[in-house]
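As structure tokens, the structure follows; a few thoughts come after it.
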Amino acid sequence: MSVNRTQELQDRVRAALNDKTMLKIVGGNSKEFYGNPSLDSENNKTEIIETRIHQGITSYEPSELVITARAGTPLKEIEALLAENNQMLPFEPPHFGEHATLGGAIATGLSGSRRPFAGSARDFVLGTKIISGKGEIMSFGGQVIKNVAGYDVSRLMVGAMGTLGLLLEISIKVLPRPNTEVTQCIAMSQQQALKTMREFHQTSLPLSALAYENEKLYVRLSGAESAVTAAQKKVSGETMLHAENFWRQVNEQLHPFFKSNKPLWRLSVPYIAAIDIEEKSFIDWSGGLYWIHSDKEAEEIQQLASAQGGAATLFKVTDNSHAYTERFAPLQAKIKQFHVNLKMRFDPYGILNYGRLYSDL
Amino acid sequence: MTSATKANRNSLRNKLHQVLPKSSILETEEQTRPYECDGLTAYQQKPWIVVLPDSIEQVQTILRLCFEEGVPVVARGAGTGLSGGALPLANGVLLSLAKFNRILDINPDNRSATVEPGVRNLAISQAAEEFNLYYAPDPSSQIACTIGGNVAENAGGVHCLKYGLTVHNILQLKVITIDGELITIGSQALDTPGYDLLALMTGSEGMLGVIVEVTVKLLPRPEQAQVILAAFDDVVKAGEAVAAIIAEGIIPAGLEMMDNPAIRAAEDYAHAGYPVDAEAILLCELDGTHEEVSEQIQFVQHLLKQKGATSLRTSANEAERLKIWLGRKSAFPAVGRISPDYYCMDGTIPRHQLPKILKDISELSKEYNLLVANVFHAGDGNLHPLILYDANIEGELERTEEFGGKILELCVEAGGAITGEHGVGKEKIDQMCVQFKSLELQIFHDIKHSFDSKELLNPGKAVPTLHRCAELGGMHVHNGLLSHPGLERF
Ligand SMILES: Cc1cc2nc3c(=O)[nH]c(=O)nc-3n(C[C@H](O)[C@H](O)[C@H](O)COP(=O)(O)OP(=O)(O)OC[C@H]3O[C@@H](n4cnc5c(N)ncnc54)[C@H](O)[C@@H]3O)c2cc1C
């Protein structure tokens with residue numbers, strides 16, 4: 001489907017500016033749980049602005065390795081078209097729901113298991129068109145792979161949770177799908193798995209994921225058939241059946257590990273981190289990402305991650321036990337000041353997703 | 001903009017002498033001359049004073065003092081930049097990071113290296129070699145340029161298509177703000193909370209802060225790498241071959257193209273065995289495991305023949321591979337030998353526009369009566385037309401610049417950008433008015449002000465004032481539309 005509603009969206013933002021209404025930007029509403037909950041204040045009411053009305057793939061030339069689509073385009077539509085051409089979004093964005101949109105994937109900036117080997121959402125963003133909080137339409141970057149004209153505002157939008165601009169259109173670099181992909185599963189302890197990941201990751205094995213859970217190391221290999229077959233022998237272990245399904249369940253948090261009523265924490269840490277906590281973890285990204293369900297105090301978990309040079313995000317809660325906890329880790333004072341300065345420039349009246357990233361942004 | 005007076009500068013000079021050893025301050029004409037330009041020698045300006053700090057504390061003090069006195073500062077790495085980014089200011093401090101040349105840590109388990117900004121690009125890979133790791137972005141200037149300069153320009157190299165640019169290969173920066181505070185941007189982990197200031201800082205051309213430490217990602221060296229040298233009797237055929245390789249789902253480690261004048265110059269200089277009668281050559285490097293490379297080499301050889309390659313040569317060993325690359329990597333100095341001067345452009349285009357743009361460039365070349373040699377990061381659509389000229393001939397530099405500007409405008413028209421890796425600097429400031437509208441330029445200024453409210457860091461570079469664009473807009477009328485219609489003209 002292709003609908004261009006640029007004007008309507010711009011009018012909405014301008015109207016909000018006039019009426020001092022705050023806007024909550026919604027794509028497929030699949031990641032509503034992520035980030036600080038939006039709080040209605042006494043003086044300002046919050047309205048929903050939906051990007052799904054603005055959708056469609058506007059250009060795609062497989063041999064250019066670039067796709068451009070409106071922010072409200074369903075992720076699955078993009079992925080289906082890429083798959084027809086034997087290509088993919090290399091950062092494996094999680095959907096978390098039927099209707100996930102490209103805009104939501106980029107605004108949250110989340111990446112899947114392929115990330116340490118292929119790159120993250122922000123790594124693949126080439127250009128964006130946005131509506132700022134002043135109701136102005138601006139374009140940055142473009143459809144070319146290399147572009148250093150002007151500051152990299154496109155990548156600044158990735159993970160900004162819509163607080164700097166409403167995404168209208170995004171250009172993304174895509175890659176060919178690997179010819180062959182297999183996953184080897186090896187039984188071992190967590191300590192041994194971390195050691196093995198480090199070893200594997202320093203070799204030229206054609207890796208595309210390294211994860212660990214419940215006494216098992218999962219090693220995904222991707223590439224030319226001959227290379228994958230040779231690597232399988234080196235890695236050893238058992239070849240998983242339905243591995244594709246396994247990785248999808250991990251990415252979409254449908255894997256049994258994620259069945260819990262406790263708050264879910266996401267710790268992004270250096271590969272060499274040692275996370276010491278009694279709760280079980282799902283370890284992804286070659287040791288660089290820990291998922292942990294825990295009732296512990298936010299400060300305690302934050303401390304656990306920051307002591308290792310990383311940061312913890314309160315990813316998902318099932319009750320209102322954390323109603324006033326900042327979901328993202330605190331920032332160094334000067335860095336925070338730069339955040340505030342930028343927000344003031346892009347959205348001086350704080351109408352776009354106010355508070356979603358940090359309660360004062 | 002800065003309003004520093006002579007009194008401010010005198011006061012600053014006194015204070016600098018109090019905090020820095022004598023040997024770290026250069027002031028005489030003779031001492032400052034080596035800093036008067038970067039790799040773009042057409043622009044020259046001696047700095048008021050040069051400082052060479054060797055500790056983070058010294059950089060903090062220098063910036064704080066400049067901030068207090070309102071004196072502008074230009075940071076400088078190796079000065080190999082090709083857009084006048086490190087061009088000094090007559091009334092400003094030139095802050096050289098040459099003494100920040102220590103490799104602080106190589107951590108194979110974290111696949112990262114932490115280095116000072118003055119460390120040369122190639123030195124990182126050399127230091128990581130004992131762990132069989134390397135730093136992927138490899139600008140042709142890698143023996144000389146610094147990692148700080150690479151971050152400031154978001155430098156690329158011949159292996160960007162597969163391994164990305166500088167922005168994809170760094171984890172963390174330590175930066176001194178203009179008021180002297182030390183901040184950490186990014187982290188040792190893959191994700192960092194908050195806005196992606198790491199991306200914002202990368203390619204910011206020294207306008208937002210001074211980088212004093214860089215943590216880069218390291219990659220395992222591929223088991224095998226081989227390069228194919230393919231000759232074509234027509235540049236368009238070579239361009240089609242590039243698209244065909246990528247359409248087949250292969251991402252080569254490097255995919256470079258050169259046209260006949262560039263081939264001749266490079267061969268003359270490097271004796272890499274390039275076919276001097278070819279209209280174009282492609283260098284296609286494949287890397288990975290032994291199995292993968294052998295399989296893909298055969299496939300690509302076959303494909304190139306199908307696409308009309310007149311001859312093929314494949315490196316049989318590492319020495320041969322490096323020799324084939326040497327020709328490409330020394331293309332700029334090679335062209336420098338056949339012409340008194342050359343001017344290197346850096347536009348990018350969607351790849352399918354290549355035949356059209358090459359045709360347009362060759363027409364402009366006739367119109368301006370200036371020869372052009374084309375070197376092309378073909379895989380990622382980054383053109384480097386080298387315009388040959390002689391600065392001693394009156395008016396030739398001006399003609400060259402005008403010709404270069406036209407090439408960049410063609411790139412924008414083709415859906416590309418005025419710079420792929422060399423940055424805007426002083427050089428492409430006018431073309432920024434073609435690339436962006438007033439709103440975007442204004443937000444760039446806003447970003448600058450968010451970090452540097454007094455506009456003291458490398459002022460006058462990278463982003464043109466809206467007035468400048470308005471003045472130019474009067475001259476540049478595109479398709480009957482003015483580029484900056486909202487602005488007053490005078
Ligand atoms: C022969 C030749 C080949 C080249 N090939 C390539 C290529 O293949 N790919 C490519 O991308 N470039 C290439 N370049 C351009 C140049 O080498 C790069 O732009 C390089 O990144 C510049 O590094 P430098 O240390 O020389 O920086 P400089 O020229 O000293 O500075 C460049 C910019 O960075 C700023 N800067 C420097 N250090 C810092 C710091 N520590 N903190 C903040 N700002 C800083 C300066 O103010 C300036 O704006 C080539 C240049 C030459 C001469």
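In the structure tokens, chains take the letters A, B, ... in the order shown, each chain's residues start at 1, and ligands count up from 1 in the order shown.
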
Nearby polymer residues, ligand 1, at most 6 Å, only C-alpha atoms and all ligand atoms, as an MDAnalysis selection string: chainID B and resid 38:39 74:82 85:86 117 139:141 145:146 148:150 152:153 155:157 205:206 209:212 332 421:422

All helix (DSSP H, G or I) positions in region 136-211 of chain A, as number ranges by chain: A: 153-157, 190-201

Grab the residues selected above and save them as a PDB file, in the first residue's frame with C-alpha atoms.
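Result file is out-v1.pdb:
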```
ATOM      1  CA  VAL A 153      21.356  13.940  11.716  1.00  0.00           C
ATOM      2  CA  SER A 154      19.929  10.751  10.176  1.00  0.00           C
ATOM      3  CA  ARG A 155      21.766   8.552  12.613  1.00  0.00           C
ATOM      4  CA  LEU A 156      20.965  10.962  15.447  1.00  0.00           C
ATOM      5  CA  MET A 157      17.304  10.050  14.898  1.00  0.00           C
ATOM      6  CA  GLN A 190      27.979 -20.217  31.051  1.00  0.00           C
ATOM      7  CA  GLN A 191      31.592 -19.612  31.919  1.00  0.00           C
ATOM      8  CA  GLN A 192      32.784 -21.928  29.235  1.00  0.00           C
ATOM      9  CA  ALA A 193      30.357 -20.445  26.732  1.00  0.00           C
ATOM     10  CA  LEU A 194      31.669 -16.929  27.349  1.00  0.00           C
ATOM     11  CA  LYS A 195      35.197 -18.168  26.822  1.00  0.00           C
ATOM     12  CA  THR A 196      34.248 -20.015  23.654  1.00  0.00           C
ATOM     13  CA  MET A 197      32.424 -16.982  22.252  1.00  0.00           C
ATOM     14  CA  ARG A 198      35.544 -14.887  22.765  1.00  0.00           C
ATOM     15  CA  GLU A 199      37.666 -17.478  21.028  1.00  0.00           C
ATOM     16  CA  PHE A 200      35.322 -17.911  18.083  1.00  0.00           C
ATOM     17  CA  HIS A 201      34.856 -14.198  17.690  1.00  0.00           C
TER      18      HIS A 201
END
```

Please identify every residue of chain A that has at least one atom no farther than 6 Å from an atom of chain B, counting only C-alpha atoms, and for each give the shortest atom pair and the distance in Å to one decimal, arranged by chain then increasing number, as JSON lines.
```
{"residue": "A:Ser63", "atom": "CA", "partner": "B:Ala247", "partner_atom": "CA", "distance": 4.8}
{"residue": "A:Met138", "atom": "CA", "partner": "B:Glu440", "partner_atom": "CA", "distance": 5.9}
{"residue": "A:Val144", "atom": "CA", "partner": "B:Pro350", "partner_atom": "CA", "distance": 5.7}
{"residue": "A:Ile145", "atom": "CA", "partner": "B:Asp380", "partner_atom": "CA", "distance": 5.7}
{"residue": "A:Lys146", "atom": "CA", "partner": "B:Gly420", "partner_atom": "CA", "distance": 4.7}
{"residue": "A:Asn147", "atom": "CA", "partner": "B:Gly420", "partner_atom": "CA", "distance": 4.3}
{"residue": "A:Val148", "atom": "CA", "partner": "B:Gly420", "partner_atom": "CA", "distance": 5.4}
{"residue": "A:Ala149", "atom": "CA", "partner": "B:Thr419", "partner_atom": "CA", "distance": 5.8}
{"residue": "A:Tyr151", "atom": "CA", "partner": "B:Ser204", "partner_atom": "CA", "distance": 5.9}
{"residue": "A:Asp152", "atom": "CA", "partner": "B:Leu200", "partner_atom": "CA", "distance": 5.3}
{"residue": "A:Leu156", "atom": "CA", "partner": "B:Asp196", "partner_atom": "CA", "distance": 5.1}
{"residue": "A:Ala160", "atom": "CA", "partner": "B:Tyr195", "partner_atom": "CA", "distance": 5.5}
{"residue": "A:Pro176", "atom": "CA", "partner": "B:Gly249", "partner_atom": "CA", "distance": 5.0}
{"residue": "A:Arg198", "atom": "CA", "partner": "B:Asp109", "partner_atom": "CA", "distance": 5.8}
{"residue": "A:Gln202", "atom": "CA", "partner": "B:Pro220", "partner_atom": "CA", "distance": 5.4}
{"residue": "A:Thr203", "atom": "CA", "partner": "B:Pro220", "partner_atom": "CA", "distance": 5.6}
{"residue": "A:Ser204", "atom": "CA", "partner": "B:Pro222", "partner_atom": "CA", "distance": 5.4}
{"residue": "A:Ala224", "atom": "CA", "partner": "B:Glu292", "partner_atom": "CA", "distance": 5.7}
{"residue": "A:Ser226", "atom": "CA", "partner": "B:Glu291", "partner_atom": "CA", "distance": 5.6}
{"residue": "A:Ala227", "atom": "CA", "partner": "B:Glu292", "partner_atom": "CA", "distance": 5.1}
{"residue": "A:Ser268", "atom": "CA", "partner": "B:Asp191", "partner_atom": "CA", "distance": 5.8}
{"residue": "A:Val269", "atom": "CA", "partner": "B:Ala189", "partner_atom": "CA", "distance": 4.6}
{"residue": "A:Pro270", "atom": "CA", "partner": "B:Ala189", "partner_atom": "CA", "distance": 4.1}
{"residue": "A:Tyr271", "atom": "CA", "partner": "B:Asn110", "partner_atom": "CA", "distance": 5.3}
{"residue": "A:Ile272", "atom": "CA", "partner": "B:Asn110", "partner_atom": "CA", "distance": 5.6}
{"residue": "A:Gly310", "atom": "CA", "partner": "B:Ala189", "partner_atom": "CA", "distance": 5.5}
{"residue": "A:Asn341", "atom": "CA", "partner": "B:Ser450", "partner_atom": "CA", "distance": 5.1}
```

Contact residues around region 336-340 of chain B with only C-alpha atoms at 8 Å, ignoring same-chain residues under 5 positions, as a VMD selection string: chain B and resid 265 388 to 391

Okay, now the selection with all heavy atoms, as an mmCIF file, in the first residue's frame?
```cif
data_model
loop_
_atom_site.group_PDB
_atom_site.id
_atom_site.type_symbol
_atom_site.label_atom_id
_atom_site.label_comp_id
_atom_site.auth_asym_id
_atom_site.auth_seq_id
_atom_site.Cartn_x
_atom_site.Cartn_y
_atom_site.Cartn_z
ATOM 1 N N ALA B 265 48.682 6.869 -15.195
ATOM 2 C CA ALA B 265 49.465 7.560 -14.170
ATOM 3 C C ALA B 265 49.907 6.580 -13.088
ATOM 4 O O ALA B 265 51.070 6.551 -12.684
ATOM 5 C CB ALA B 265 48.638 8.692 -13.560
ATOM 6 N N LEU B 388 43.300 17.959 -13.553
ATOM 7 C CA LEU B 388 44.710 18.325 -13.694
ATOM 8 C C LEU B 388 44.817 19.790 -14.100
ATOM 9 O O LEU B 388 44.158 20.234 -15.028
ATOM 10 C CB LEU B 388 45.379 17.455 -14.757
ATOM 11 C CG LEU B 388 45.092 15.948 -14.679
ATOM 12 C CD1 LEU B 388 45.981 15.199 -15.673
ATOM 13 C CD2 LEU B 388 45.312 15.418 -13.286
ATOM 14 N N TYR B 389 45.638 20.557 -13.371
ATOM 15 C CA TYR B 389 45.785 21.967 -13.708
ATOM 16 C C TYR B 389 47.173 22.458 -13.328
ATOM 17 O O TYR B 389 47.971 21.721 -12.735
ATOM 18 C CB TYR B 389 44.692 22.803 -13.033
ATOM 19 C CG TYR B 389 44.873 22.998 -11.538
ATOM 20 C CD1 TYR B 389 45.373 24.192 -11.028
ATOM 21 C CD2 TYR B 389 44.537 21.991 -10.635
ATOM 22 C CE1 TYR B 389 45.543 24.375 -9.656
ATOM 23 C CE2 TYR B 389 44.700 22.172 -9.278
ATOM 24 C CZ TYR B 389 45.207 23.362 -8.790
ATOM 25 O OH TYR B 389 45.373 23.542 -7.448
ATOM 26 N N ASP B 390 47.415 23.694 -13.654
ATOM 27 C CA ASP B 390 48.701 24.296 -13.327
ATOM 28 C C ASP B 390 48.434 25.631 -12.640
ATOM 29 O O ASP B 390 47.977 26.581 -13.267
ATOM 30 C CB ASP B 390 49.509 24.500 -14.627
ATOM 31 C CG ASP B 390 50.889 25.051 -14.335
ATOM 32 O OD1 ASP B 390 51.141 25.483 -13.191
ATOM 33 O OD2 ASP B 390 51.720 25.051 -15.271
ATOM 34 N N ALA B 391 48.720 25.668 -11.348
ATOM 35 C CA ALA B 391 48.397 26.866 -10.561
ATOM 36 C C ALA B 391 49.183 28.088 -11.032
ATOM 37 O O ALA B 391 48.792 29.221 -10.757
ATOM 38 C CB ALA B 391 48.662 26.612 -9.088
#
```

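Selecting strand (DSSP E or B) from the backbone DSSP output for region 236-283 of chain B yields Gly254, Leu255, Glu256, Met257, Met258, Asp259, Ala280, Ile281, Leu282 and Leu283 of chain B.
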
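For Met258 (chain B), the set of protein, DNA and RNA residues having any atom at most 8 Å away, when counting only C-alpha atoms and skipping those fewer than 6 positions along the same chain, is Ala280, Ile281, Leu282, Asn374, Val375 and Phe376 of chain B.
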
For the selection just defined, write its residues with N, CA and C atoms to a file, as an mmCIF file, in the first residue's frame.
```cif
data_model
loop_
_atom_site.group_PDB
_atom_site.id
_atom_site.type_symbol
_atom_site.label_atom_id
_atom_site.label_comp_id
_atom_site.auth_asym_id
_atom_site.auth_seq_id
_atom_site.Cartn_x
_atom_site.Cartn_y
_atom_site.Cartn_z
ATOM 1 N N ALA B 280 39.126 1.195 -18.853
ATOM 2 C CA ALA B 280 38.813 1.167 -17.421
ATOM 3 C C ALA B 280 39.319 -0.134 -16.823
ATOM 4 N N ILE B 281 39.689 -0.089 -15.560
ATOM 5 C CA ILE B 281 39.934 -1.349 -14.862
ATOM 6 C C ILE B 281 39.061 -1.401 -13.619
ATOM 7 N N LEU B 282 38.741 -2.621 -13.229
ATOM 8 C CA LEU B 282 38.057 -2.855 -11.960
ATOM 9 C C LEU B 282 38.998 -3.660 -11.089
ATOM 10 N N ASN B 374 39.854 9.743 -13.544
ATOM 11 C CA ASN B 374 38.814 9.306 -12.615
ATOM 12 C C ASN B 374 39.219 8.083 -11.807
ATOM 13 N N VAL B 375 39.136 8.240 -10.497
ATOM 14 C CA VAL B 375 39.323 7.122 -9.583
ATOM 15 C C VAL B 375 38.004 7.011 -8.849
ATOM 16 N N PHE B 376 37.542 5.782 -8.625
ATOM 17 C CA PHE B 376 36.163 5.609 -8.231
ATOM 18 C C PHE B 376 36.022 4.460 -7.237
#
```

Selection: 12 Å around region 94-102 of chain A, only C-alpha atoms, excl. self and same-chain fewer than 6 positions, as a PyMOL selection string: chain A and resi 25-34+50-57+67-79+108-115+120-121+125+128+158+167-172+247-254+316

Test item: residues at most 8 Å from region 353-360 of chain B, only C-alpha atoms, excluding those fewer than 2 positions along its chain, as a ChimeraX atom specification: /B:235-236,239,349-351,362-364,410-411,414

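Minimum atom-to-atom distances from B:Lys329, B:Arg64, B:Lys22, B:Lys15 to Leu457 (chain B) were compared using only C-alpha atoms, and the lowest value belongs to B:Arg64.
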
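Excluding Asp277 (chain B) itself and any same-chain residue fewer than 2 positions from it, the protein and nucleic acid residues within 8 Å of it, counting only C-alpha atoms, are Asn260, Pro275 and Glu279 of chain B.
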
Would you put the residues from that selection into a file with N, CA, C and O atoms, as a compact mmCIF listing (two decimals), in the first residue's frame?
```txt
# COMPACT_ATOMS: atom_id res chain seq x y z
N ASN B 260 41.16 5.42 -17.93
CA ASN B 260 42.45 5.32 -18.61
C ASN B 260 43.51 6.30 -18.12
O ASN B 260 44.64 5.88 -17.81
N PRO B 275 46.99 -2.73 -17.17
CA PRO B 275 46.94 -2.66 -18.64
C PRO B 275 46.71 -1.21 -19.09
O PRO B 275 45.59 -0.70 -18.98
N GLU B 279 40.40 1.05 -21.22
CA GLU B 279 39.61 2.26 -20.96
C GLU B 279 39.25 2.36 -19.47
O GLU B 279 39.04 3.44 -18.94
```

Distance criterion (only C-alpha atoms): nearest to Ser132 (chain A) out of A:Ala231, A:Leu81, A:Ile275, A:Leu166: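 The shortest atom-to-atom distance to Ser132 (chain A) comes from A:Leu166.
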
Point-to-point distance from CA of Ala316 (chain B) to CA of Tyr274 (chain B), Å rounded to tenths: 15.7 Å

Nearest candidate to Ser281 (chain A) (options A:Leu331, A:Thr239, A:Lys343, A:Lys216; using only C-alpha atoms): A:Lys216

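The nearest approach to Glu471 (chain B) among the residues B:Gly118, B:Leu20, B:Gln142, B:Asp430, with only C-alpha atoms taken into account, belongs to B:Asp430.
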
Shortest interatomic distance to Glu256 (chain B) - which of B:Glu367, B:Ala378, B:Lys323, B:Val175, counting only C-alpha atoms: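 Among B:Glu367, B:Ala378, B:Lys323, B:Val175, it is B:Ala378 that comes nearest to Glu256 (chain B).
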